[in-house]
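One file, model_2.cif, carrying mmCIF, C-alpha atoms:
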data_input
#
loop_
_atom_site.label_atom_id
_atom_site.label_comp_id
_atom_site.auth_asym_id
_atom_site.auth_seq_id
_atom_site.Cartn_x
_atom_site.Cartn_y
_atom_site.Cartn_z
CA MET A 230 42.50 66.28 -6.80
CA LYS A 231 41.54 67.14 -3.27
CA LYS A 232 37.96 67.45 -4.32
CA MET A 233 38.04 64.05 -5.93
CA THR A 234 39.53 62.46 -2.84
CA LEU A 235 36.87 64.05 -0.75
CA THR A 236 34.18 62.76 -3.07
CA LEU A 237 35.68 59.29 -2.85
CA VAL A 238 35.80 59.44 0.92
CA GLY A 239 32.23 60.65 0.90
CA LEU A 240 31.19 57.79 -1.35
CA LEU A 241 32.98 55.30 0.81
CA ALA A 242 31.38 56.75 3.90
CA LEU A 243 27.97 56.52 2.24
CA THR A 244 28.56 52.90 1.26
CA ALA A 245 29.81 52.10 4.74
CA SER A 246 26.77 53.69 6.30
CA GLN A 247 24.58 51.58 4.06
CA PHE A 248 26.31 48.46 5.21
CA ALA A 249 26.03 49.63 8.76
CA THR A 250 22.28 50.10 8.64
CA ALA A 251 21.51 46.84 6.87
CA ALA A 252 20.83 44.53 9.77
CA ASP A 253 21.64 40.86 9.74
CA TYR A 254 18.89 38.42 10.40
CA VAL A 255 18.93 34.71 11.04
CA LEU A 256 15.98 32.63 9.95
CA ASP A 257 13.95 31.51 12.93
CA THR A 258 14.14 27.81 12.18
CA LYS A 259 14.63 27.02 15.86
CA GLY A 260 11.17 28.30 16.64
CA ALA A 261 9.91 27.06 13.25
CA HIS A 262 8.78 30.44 12.01
CA ALA A 263 10.15 29.75 8.58
CA PHE A 264 8.88 27.30 5.98
CA ILE A 265 9.95 25.99 2.61
CA ASN A 266 6.95 24.47 0.95
CA PHE A 267 6.54 22.97 -2.47
CA LYS A 268 3.54 22.31 -4.59
CA ALA A 269 3.28 20.06 -7.62
CA SER A 270 0.46 19.18 -9.91
CA HIS A 271 -0.82 15.63 -9.67
CA LEU A 272 -1.78 14.54 -13.17
CA GLY A 273 -3.12 18.02 -13.79
CA TYR A 274 -6.12 17.25 -11.58
CA SER A 275 -4.99 18.41 -8.17
CA TRP A 276 -2.20 19.80 -6.04
CA LEU A 277 0.26 17.88 -3.96
CA THR A 278 2.11 19.82 -1.30
CA GLY A 279 5.10 19.09 0.86
CA ARG A 280 7.95 20.84 2.53
CA PHE A 281 11.55 20.67 3.62
CA ASN A 282 11.65 20.31 7.37
CA THR A 283 15.31 21.11 7.97
CA PHE A 284 17.10 24.19 6.71
CA ASP A 285 18.83 27.30 7.93
CA GLY A 286 19.57 30.68 6.51
CA LYS A 287 20.33 34.30 7.01
CA PHE A 288 19.67 37.57 5.32
CA SER A 289 20.62 41.18 5.58
CA TYR A 290 17.87 43.69 5.18
CA ASP A 291 17.46 47.40 5.35
CA ASP A 292 14.14 49.00 4.73
CA LYS A 293 15.85 52.01 3.14
CA ASN A 294 18.10 50.05 0.86
CA VAL A 295 16.26 46.95 -0.23
CA GLY A 296 18.55 46.49 -3.21
CA ALA A 297 21.43 45.67 -0.88
CA THR A 298 19.55 42.72 0.60
CA GLN A 299 21.37 39.44 0.61
CA ILE A 300 19.93 36.11 1.47
CA THR A 301 21.31 32.61 1.81
CA VAL A 302 19.32 29.49 2.59
CA ASN A 303 20.77 26.00 3.06
CA ILE A 304 18.31 23.16 2.78
CA ASP A 305 18.74 19.61 4.03
CA ALA A 306 17.37 17.78 0.98
CA THR A 307 16.86 14.59 2.98
CA SER A 308 14.27 16.39 5.09
CA ILE A 309 11.73 16.43 2.26
CA ASP A 310 8.32 15.59 3.63
CA SER A 311 5.22 15.04 1.54
CA ASN A 312 3.35 13.25 4.32
CA HIS A 313 3.89 9.83 2.72
CA ALA A 314 6.94 7.75 3.68
CA GLU A 315 6.98 5.74 0.43
CA ARG A 316 6.82 8.87 -1.69
CA ASP A 317 9.48 10.64 0.40
CA LYS A 318 11.74 7.61 0.02
CA HIS A 319 11.19 7.82 -3.73
CA LEU A 320 11.85 11.56 -3.77
CA ARG A 321 15.15 11.03 -1.93
CA SER A 322 16.16 8.18 -4.25
CA ASP A 323 18.25 8.55 -7.39
CA ASP A 324 15.05 8.97 -9.40
CA PHE A 325 14.75 12.45 -7.95
CA LEU A 326 16.95 14.24 -5.40
CA SER A 327 19.66 11.56 -5.02
CA THR A 328 20.23 12.76 -1.48
CA ASP A 329 23.05 10.24 -1.04
CA LYS A 330 25.07 12.25 -3.52
CA PHE A 331 23.46 15.67 -3.06
CA PRO A 332 22.35 15.96 0.54
CA THR A 333 21.90 19.72 0.43
CA ALA A 334 20.15 22.30 -1.67
CA LYS A 335 21.02 25.95 -1.52
CA PHE A 336 19.77 29.35 -2.50
CA VAL A 337 22.10 32.36 -2.66
CA SER A 338 20.73 35.69 -3.83
CA THR A 339 22.58 37.46 -6.61
CA LYS A 340 20.41 40.51 -7.26
CA VAL A 341 17.60 42.01 -5.25
CA THR A 342 15.35 44.66 -6.74
CA ASP A 343 12.88 46.81 -4.87
CA LYS A 344 9.66 46.77 -6.86
CA GLY A 345 7.89 49.18 -4.55
CA GLU A 346 4.91 48.71 -2.25
CA GLY A 347 6.65 45.94 -0.37
CA LYS A 348 7.25 43.88 -3.50
CA ILE A 349 10.76 42.57 -3.94
CA GLU A 350 12.29 40.61 -6.77
CA VAL A 351 15.02 38.27 -5.59
CA LYS A 352 17.22 36.72 -8.22
CA GLY A 353 19.62 34.05 -7.08
CA ASP A 354 21.38 30.78 -7.69
CA PHE A 355 19.38 27.78 -6.63
CA THR A 356 21.31 24.53 -6.34
CA LEU A 357 19.28 21.34 -6.31
CA HIS A 358 20.44 17.84 -7.21
CA GLY A 359 23.89 19.32 -7.88
CA VAL A 360 22.52 21.61 -10.59
CA THR A 361 22.67 25.37 -10.14
CA LYS A 362 20.17 27.58 -11.95
CA ASN A 363 19.43 31.24 -11.61
CA ILE A 364 15.86 31.66 -10.46
CA THR A 365 13.65 34.60 -9.62
CA ILE A 366 11.63 34.71 -6.44
CA ASP A 367 8.72 37.13 -6.29
CA ALA A 368 8.71 38.19 -2.69
CA THR A 369 6.61 40.38 -0.50
CA LYS A 370 7.60 41.91 2.76
CA ILE A 371 5.03 41.01 5.38
CA GLY A 372 6.29 43.15 8.23
CA GLU A 373 8.98 43.92 10.72
CA GLY A 374 9.15 45.14 14.26
CA LYS A 375 9.78 44.26 17.85
CA ASP A 376 8.58 40.95 19.14
CA PRO A 377 7.14 40.58 22.66
CA TRP A 378 10.28 38.82 23.92
CA GLY A 379 12.88 41.54 23.44
CA GLY A 380 13.88 40.73 19.89
CA TYR A 381 13.33 42.28 16.49
CA ARG A 382 11.89 40.35 13.57
CA ALA A 383 11.25 40.77 9.86
CA GLY A 384 9.22 38.45 7.69
CA PHE A 385 8.81 37.81 3.99
CA ALA A 386 6.92 35.52 1.68
CA GLY A 387 8.15 34.51 -1.74
CA THR A 388 7.23 32.16 -4.52
CA THR A 389 8.97 30.83 -7.56
CA THR A 390 8.41 28.05 -10.06
CA ILE A 391 11.03 25.59 -11.16
CA ASP A 392 10.87 23.09 -13.97
CA VAL A 393 12.07 19.64 -12.89
CA ALA A 394 13.52 19.21 -16.38
CA ASP A 395 16.17 21.82 -15.45
CA TYR A 396 17.51 19.73 -12.61
CA ASP A 397 18.44 16.49 -14.38
CA PHE A 398 16.20 14.12 -12.47
CA LYS A 399 16.11 10.55 -13.71
CA ALA A 400 12.43 10.14 -12.96
CA SER A 401 9.79 9.82 -15.63
CA TRP A 402 7.72 12.34 -13.72
CA ALA A 403 7.88 15.72 -15.39
CA GLY A 404 6.41 19.05 -14.60
CA LYS A 405 6.78 22.27 -12.75
CA ILE A 406 7.10 22.75 -9.05
CA GLN A 407 6.09 25.83 -7.16
CA LEU A 408 8.31 26.71 -4.26
CA GLU A 409 7.06 28.87 -1.47
CA LEU A 410 9.33 30.49 1.07
CA LEU A 411 7.80 31.86 4.20
CA ILE A 412 10.57 33.26 6.31
CA GLU A 413 10.93 35.16 9.50
CA GLY A 414 14.34 36.45 10.55
CA ILE A 415 15.48 37.47 13.99
CA LYS A 416 17.78 40.47 14.02
CA GLN A 417 21.21 39.64 15.35
CA MET B 248 1.15 -38.62 4.57
CA LEU B 249 0.71 -35.11 5.89
CA LYS B 250 3.44 -35.13 8.50
CA ASN B 251 7.18 -35.54 8.13
CA THR B 252 8.94 -38.76 8.99
CA ASP B 253 12.62 -39.56 9.59
CA ALA B 254 13.00 -40.39 5.91
CA GLN B 255 10.53 -38.15 4.08
CA PHE B 256 8.98 -34.69 4.10
CA GLY B 257 5.21 -34.87 4.53
CA LEU B 258 2.76 -33.33 2.09
CA VAL B 259 2.26 -30.19 4.17
CA SER B 260 6.00 -29.41 4.31
CA THR B 261 6.44 -30.25 0.63
CA TYR B 262 3.58 -28.11 -0.66
CA VAL B 263 4.42 -25.20 1.63
CA HIS B 264 8.07 -25.42 0.52
CA TRP B 265 7.27 -25.26 -3.17
CA LEU B 266 4.58 -22.63 -2.72
CA SER B 267 7.14 -20.50 -0.84
CA ALA B 268 9.66 -21.09 -3.64
CA ILE B 269 7.22 -19.87 -6.29
CA MET B 270 6.25 -16.88 -4.18
CA VAL B 271 9.86 -15.93 -3.41
CA PHE B 272 10.76 -15.98 -7.10
CA SER B 273 7.64 -14.07 -8.11
CA LEU B 274 8.00 -11.46 -5.38
CA PHE B 275 11.65 -10.95 -6.28
CA ALA B 276 10.86 -10.61 -9.98
CA VAL B 277 7.98 -8.22 -9.39
CA GLY B 278 10.01 -6.21 -6.88
CA PHE B 279 12.94 -5.98 -9.27
CA TRP B 280 10.67 -4.84 -12.07
CA MET B 281 8.30 -2.52 -10.24
CA VAL B 282 10.91 -0.18 -8.72
CA ASP B 283 11.78 1.08 -12.19
CA LEU B 284 8.23 1.39 -13.46
CA ASN B 285 7.35 4.55 -15.29
CA TYR B 286 5.11 6.86 -13.26
CA TYR B 287 2.49 6.68 -15.98
CA SER B 288 2.53 2.89 -16.24
CA GLU B 289 -0.78 1.22 -15.46
CA TRP B 290 1.15 -1.05 -13.08
CA TYR B 291 2.67 1.81 -11.11
CA LYS B 292 0.15 1.45 -8.32
CA THR B 293 -1.08 -2.11 -8.76
CA ALA B 294 2.31 -3.85 -8.81
CA PRO B 295 3.36 -2.56 -5.37
CA TYR B 296 -0.15 -3.29 -4.07
CA TYR B 297 0.09 -6.97 -5.06
CA HIS B 298 3.77 -7.18 -4.07
CA LYS B 299 2.80 -6.11 -0.55
CA ALA B 300 -0.32 -8.25 -0.33
CA PHE B 301 1.48 -11.39 -1.52
CA GLY B 302 4.46 -10.54 0.68
CA LEU B 303 2.17 -10.42 3.71
CA THR B 304 0.57 -13.68 2.59
CA LEU B 305 4.00 -15.29 2.39
CA PHE B 306 4.72 -13.96 5.88
CA PHE B 307 1.69 -15.77 7.30
CA ILE B 308 2.58 -18.89 5.33
CA THR B 309 6.11 -18.69 6.73
CA LEU B 310 4.85 -18.32 10.30
CA PHE B 311 2.73 -21.43 9.80
CA ARG B 312 5.67 -23.16 8.17
CA ILE B 313 7.99 -22.46 11.10
CA CYS B 314 5.37 -23.67 13.60
CA TRP B 315 4.83 -26.80 11.51
CA LYS B 316 8.56 -27.39 11.38
CA LEU B 317 8.85 -27.04 15.15
CA ILE B 318 6.10 -29.55 15.93
CA ASN B 319 7.28 -32.04 13.31
CA VAL B 320 10.29 -34.28 13.04
CA SER B 321 12.72 -33.35 10.30
CA PRO B 322 14.00 -36.05 7.98
CA LYS B 323 17.50 -37.23 8.97
CA GLU B 324 20.44 -35.83 7.05
CA LEU B 325 21.81 -38.12 4.37
CA GLY B 326 25.46 -39.07 4.00
CA ASN B 327 28.15 -38.97 6.65
CA ASN B 328 29.75 -35.59 6.00
CA LYS B 329 29.25 -33.83 9.37
CA LEU B 330 30.55 -30.50 8.03
CA GLU B 331 28.05 -30.60 5.18
CA HIS B 332 25.26 -31.31 7.64
CA LYS B 333 26.29 -28.30 9.69
CA LEU B 334 26.58 -26.05 6.64
CA ALA B 335 23.18 -27.21 5.42
CA LYS B 336 21.67 -26.34 8.79
CA VAL B 337 23.25 -22.87 8.72
CA ALA B 338 22.09 -22.30 5.13
CA HIS B 339 18.52 -23.36 5.96
CA LEU B 340 18.48 -21.10 9.01
CA ALA B 341 19.81 -18.26 6.87
CA LEU B 342 17.00 -18.80 4.36
CA TYR B 343 14.37 -18.60 7.09
CA GLY B 344 16.10 -15.60 8.68
CA LEU B 345 16.35 -13.77 5.36
CA LEU B 346 12.70 -14.49 4.55
CA LEU B 347 11.61 -12.94 7.84
CA LEU B 348 14.05 -10.04 7.48
CA ILE B 349 12.84 -9.24 3.96
CA MET B 350 9.19 -9.37 4.93
CA PHE B 351 9.65 -7.34 8.09
CA SER B 352 11.82 -4.68 6.42
CA GLY B 353 9.29 -4.46 3.59
CA TYR B 354 6.54 -3.93 6.13
CA LEU B 355 8.62 -1.19 7.80
CA ILE B 356 9.00 0.75 4.51
CA SER B 357 5.30 1.04 3.89
CA THR B 358 4.28 1.60 7.49
CA ALA B 359 6.91 4.22 8.39
CA ASP B 360 4.36 7.02 8.32
CA GLY B 361 1.64 5.24 10.26
CA ARG B 362 -0.18 3.92 7.22
CA GLY B 363 -1.16 0.27 7.28
CA ILE B 364 -0.79 -2.25 4.46
CA GLU B 365 -3.81 -3.60 2.66
CA LEU B 366 -3.93 -7.37 2.49
CA PHE B 367 -5.95 -7.49 -0.72
CA SER B 368 -9.33 -6.04 0.27
CA ILE B 369 -9.69 -8.31 3.24
CA VAL B 370 -8.00 -6.43 6.02
CA THR B 371 -5.48 -3.65 6.58
CA ILE B 372 -2.46 -4.72 8.59
CA PRO B 373 -1.81 -1.77 10.90
CA SER B 374 1.42 0.16 11.24
CA MET B 375 3.52 -0.01 14.38
CA GLY B 376 4.46 3.62 13.79
CA GLU B 377 7.94 4.93 13.12
CA LEU B 378 10.26 2.68 15.12
CA PHE B 379 13.51 4.45 14.22
CA PRO B 380 14.56 7.56 12.27
CA ASN B 381 14.76 7.39 8.46
CA GLN B 382 12.83 4.16 8.74
CA GLU B 383 11.62 4.00 5.13
CA ASP B 384 15.13 4.58 3.75
CA LEU B 385 16.96 2.23 6.10
CA ALA B 386 14.33 -0.49 5.82
CA GLY B 387 14.42 -0.04 2.05
CA GLU B 388 18.18 -0.65 1.95
CA ILE B 389 17.84 -3.75 4.12
CA HIS B 390 14.92 -5.03 2.03
CA GLU B 391 16.92 -4.70 -1.18
CA ILE B 392 20.20 -6.16 0.11
CA ALA B 393 18.43 -9.04 1.86
CA ALA B 394 16.42 -9.79 -1.29
CA TYR B 395 19.57 -10.14 -3.39
CA THR B 396 21.18 -12.17 -0.63
CA ILE B 397 18.28 -14.62 -0.45
CA ILE B 398 18.42 -15.13 -4.21
CA ALA B 399 22.14 -15.94 -3.86
CA MET B 400 21.27 -18.34 -1.03
CA VAL B 401 18.55 -19.91 -3.15
CA VAL B 402 21.06 -20.51 -5.92
CA LEU B 403 23.29 -22.22 -3.37
CA HIS B 404 20.27 -24.18 -2.07
CA ILE B 405 19.37 -25.38 -5.57
CA GLY B 406 23.02 -26.18 -6.30
CA ALA B 407 23.25 -28.25 -3.13
CA ALA B 408 20.03 -30.11 -3.94
CA LEU B 409 21.29 -30.92 -7.45
CA LYS B 410 24.66 -31.97 -6.04
CA HIS B 411 22.87 -34.44 -3.72
CA HIS B 412 20.76 -35.69 -6.58
CA PHE B 413 23.36 -36.05 -9.31
CA VAL B 414 26.70 -36.35 -7.51
CA ASP B 415 25.86 -38.08 -4.24
CA LYS B 416 22.88 -39.80 -5.90
CA ASP B 417 20.93 -39.75 -2.64
CA ALA B 418 17.24 -39.08 -1.94
CA THR B 419 17.54 -35.44 -0.75
CA LEU B 420 15.67 -33.97 -3.70
CA LYS B 421 13.26 -36.88 -4.03
CA ARG B 422 12.03 -36.59 -0.49
CA MET B 423 11.01 -32.97 -1.12
CA THR B 424 9.26 -33.81 -4.40
CA LYS B 425 6.66 -36.33 -3.39
CA PHE B 426 3.40 -34.54 -4.07
CA LYS B 427 0.87 -37.25 -3.19
#
Show this structure as structure tokens.
Amino acid sequence: MKKMTLTLVGLLALTASQFATAADYVLDTKGAHAFINFKASHLGYSWLTGRFNTFDGKFSYDDKNVGATQITVNIDATSIDSNHAERDKHLRSDDFLSTDKFPTAKFVSTKVTDKGEGKIEVKGDFTLHGVTKNITIDATKIGEGKDPWGGYRAGFAGTTTIDVADYDFKASWAGKIQLELLIEGIKQ
Amino acid sequence: MLKNTDAQFGLVSTYVHWLSAIMVFSLFAVGFWMVDLNYYSEWYKTAPYYHKAFGLTLFFITLFRICWKLINVSPKELGNNKLEHKLAKVAHLALYGLLLLIMFSGYLISTADGRGIELFSIVTIPSMGELFPNQEDLAGEIHEIAAYTIIAMVVLHIGAALKHHFVDKDATLKRMTKFK
């Protein structure tokens, strides 16, 4: 009995230590060192790219326990920017994002797997247009370390592909959209 | 007679009035139809292109029309109902105001990102840049609401003209329909 208690305490201590070492980071959106880009095929002939200009997010990360990583990103859907006012207006309209009704999009990680050699698989719930789907982001750690201004930063890049058909858009436009997350977090 | 008199609209006012009427109806119909066009429709790009070009054309016609109105006499109101005269004046002003509002808000949608608007292939009307935040969305709302409002005003305008013609049996409609 005593042994078991000790084991439990030990386990708890281990878990606690893991939590303790996983540092919390906030996405550097203030300094714009984080980007959410999207890429869609135009008629199958070329690529169209755009981005969300306004978002925030945070993540916890520990080099030694990548599986415990958690990440949350909140996106202001109205900030969609494809470098064409008429198109952005259309994208915000009820043909696509219906930003009147669904002003935010969100990603919350549910399971993070260390794939080795800096590769990380991030599964999570992505909410867009009021529809939540579990998606998988293939991410890579770019690097971490001290910055020249007294802070500590870690950066990642990730991509995923979503099918617009999954998100109940009214528009006649159909196809897949590649999302690219380029994020840098500042340790808190 | 090209110019207006106390009793009659001149040919210039008459033709410009009816040309504006046709253009307002056409622009409204095309606008109503084109916003729901399928992305793969062959009109998806051409309909907005012509909507904008004809909208700009109507803007220049309207500028000319207002100038012409200012340097011309207007035919005297018919009948003795002072309230009706006042309401008619307000309604006419509202029609002019809505026309300008619709055309300007339409211009602001397309030019919100610095792009100009092509007036057919003749010239590109330049953008004035982004004048206020969310310009394309806000201008779009105004454009739509004002367009429906002007159609309601036009219905009132037609109703009033018919009332003059059939109920009051005066020359109101006749003096806007003399084409030569």
Residues of chain B that have any atom at most 7 Å from an atom of chain A: could you tabulate them with the shortest-distance atom pair and the distance in Å to one decimal, using only C-alpha atoms, ordered by chain and increasing number, as CSV?
residue,atom,partner,partner_atom,distance
B:Asn285,CA,A:Ser401,CA,5.8
B:Tyr286,CA,A:Ser401,CA,6.0
B:Ile356,CA,A:Glu315,CA,6.8
B:Ser357,CA,A:Glu315,CA,6.1
B:Ala359,CA,A:Ala314,CA,5.9
B:Asp360,CA,A:Ala314,CA,5.4
B:Glu383,CA,A:Ala314,CA,6.2
B:Asp384,CA,A:Lys318,CA,5.9
*Selected by the PyMOL selection byres ((chain B and resi 340-354) around 6) in the shown coordinates: which residues, as JSON, numbers by chain?*
{"B": [337, 338, 339, 355, 356, 357, 386, 390, 393]}
The distance between atom CA of A:Thr298 and atom CA of A:Thr283 is 23.2 Å
- Quick one: residues within 7 Å of A:Thr339, all atoms listed in the file counted, chain neighbours fewer than 6 positions away excluded, as a list in words? Lys352, Gly353 and Asp354 of chain A
Given all atoms listed in the file as the basis, pick out the residue of A:Lys259, A:Lys370, A:Lys375, A:Lys293 nearest to A:Glu350.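 So, comparing all the options, the nearest one is A:Lys370.
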Specify the axis-aligned box that encloses all atoms of stretch 365-379 of chain B listed in the file after padding of 6 Å on each side, stating its centre and edge lengths in Å to one decimal as JSON.
{"center_x": 1.9, "center_y": -1.7, "center_z": 7.2, "size_x": 35.2, "size_y": 25.2, "size_z": 27.8}
Which residue of A:Val393, A:Val295, A:Leu357, A:Ile415 approaches A:Lys330 most closely, using all atoms listed in the file
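Result for the nearest residue to A:Lys330: A:Leu357.
The coordinates place atom CA of B:Thr371 at 11.2 Å from atom CA of B:Lys299.
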Go through the shown structure with the PyMOL selection byres ((chain A and resi 288-292) around 8) and write out the matching residues as a short mmCIF file (atom, residue, chain, number, x, y, z; two decimals) with C-alpha atoms, in the coordinates of the input.
data_model
loop_
_atom_site.label_atom_id
_atom_site.label_comp_id
_atom_site.auth_asym_id
_atom_site.auth_seq_id
_atom_site.Cartn_x
_atom_site.Cartn_y
_atom_site.Cartn_z
CA THR A 250 22.28 50.10 8.64
CA ALA A 251 21.51 46.84 6.87
CA ALA A 252 20.83 44.53 9.77
CA ASP A 253 21.64 40.86 9.74
CA TYR A 254 18.89 38.42 10.40
CA VAL A 255 18.93 34.71 11.04
CA LEU A 256 15.98 32.63 9.95
CA GLY A 286 19.57 30.68 6.51
CA LYS A 287 20.33 34.30 7.01
CA LYS A 293 15.85 52.01 3.14
CA ASN A 294 18.10 50.05 0.86
CA VAL A 295 16.26 46.95 -0.23
CA ALA A 297 21.43 45.67 -0.88
CA THR A 298 19.55 42.72 0.60
CA GLN A 299 21.37 39.44 0.61
CA ILE A 300 19.93 36.11 1.47
CA THR A 301 21.31 32.61 1.81
CA GLY A 414 14.34 36.45 10.55
#
Evaluate the PyMOL selection byres ((chain B and resi 404) around 12) on the structure here and hand back the selected residues as a ChimeraX atom specification. /B:268,334-342,397-403,405-411,419-420
Expressed in Å, the length from atom CA of B:Met281 to atom CA of A:Tyr396 is 24.2 Å
Open item on the list: I'd like the neighbourhood of A:Glu373 as number ranges by chain, where a residue qualifies if any of its atoms comes within 9 Å (using only C-alpha atoms), though same-chain residues fewer than 3 positions away should be ignored.
Closed with: A: 370, 376, 381-384
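Compared by their closest atoms to B:Tyr296, and using all atoms listed in the file, the residues B:Asn251, B:Ser321, B:Ser368, B:Thr396 rank with B:Ser368 nearest.
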Could you rebuild stretch 307-324 of chain A with N, CA and C atoms and give it back as a short mmCIF file (atom, residue, chain, number, x, y, z; two decimals), keeping the file's coordinate frame?
data_model
loop_
_atom_site.label_atom_id
_atom_site.label_comp_id
_atom_site.auth_asym_id
_atom_site.auth_seq_id
_atom_site.Cartn_x
_atom_site.Cartn_y
_atom_site.Cartn_z
N THR A 307 17.41 15.85 2.45
CA THR A 307 16.86 14.59 2.98
C THR A 307 15.61 14.84 3.82
N SER A 308 15.40 16.11 4.20
CA SER A 308 14.27 16.39 5.09
C SER A 308 12.97 16.61 4.33
N ILE A 309 12.95 16.27 3.05
CA ILE A 309 11.73 16.43 2.26
C ILE A 309 10.60 15.60 2.88
N ASP A 310 9.44 16.22 2.93
CA ASP A 310 8.32 15.59 3.63
C ASP A 310 7.02 15.89 2.88
N SER A 311 6.48 14.85 2.25
CA SER A 311 5.22 15.04 1.54
C SER A 311 4.12 14.25 2.23
N ASN A 312 4.34 13.95 3.50
CA ASN A 312 3.35 13.25 4.32
C ASN A 312 3.06 11.84 3.81
N HIS A 313 4.06 11.20 3.20
CA HIS A 313 3.89 9.83 2.72
C HIS A 313 5.29 9.22 2.63
N ALA A 314 5.59 8.31 3.57
CA ALA A 314 6.94 7.75 3.68
C ALA A 314 7.43 7.14 2.36
N GLU A 315 6.56 6.40 1.68
CA GLU A 315 6.98 5.74 0.43
C GLU A 315 7.35 6.78 -0.62
N ARG A 316 6.55 7.83 -0.70
CA ARG A 316 6.82 8.87 -1.69
C ARG A 316 8.10 9.62 -1.33
N ASP A 317 8.27 9.92 -0.02
CA ASP A 317 9.48 10.64 0.40
C ASP A 317 10.73 9.82 0.10
N LYS A 318 10.63 8.52 0.33
CA LYS A 318 11.74 7.61 0.02
C LYS A 318 12.07 7.70 -1.48
N HIS A 319 11.01 7.73 -2.28
CA HIS A 319 11.19 7.82 -3.73
C HIS A 319 11.80 9.17 -4.11
N LEU A 320 11.33 10.22 -3.46
CA LEU A 320 11.85 11.56 -3.77
C LEU A 320 13.33 11.69 -3.39
N ARG A 321 13.74 10.98 -2.34
CA ARG A 321 15.15 11.03 -1.93
C ARG A 321 16.03 10.12 -2.79
N SER A 322 15.40 9.18 -3.48
CA SER A 322 16.16 8.18 -4.25
C SER A 322 16.81 8.81 -5.48
N ASP A 323 17.57 8.00 -6.21
CA ASP A 323 18.25 8.55 -7.39
C ASP A 323 17.31 8.82 -8.56
N ASP A 324 16.01 8.55 -8.38
CA ASP A 324 15.05 8.97 -9.40
C ASP A 324 14.84 10.48 -9.33
#
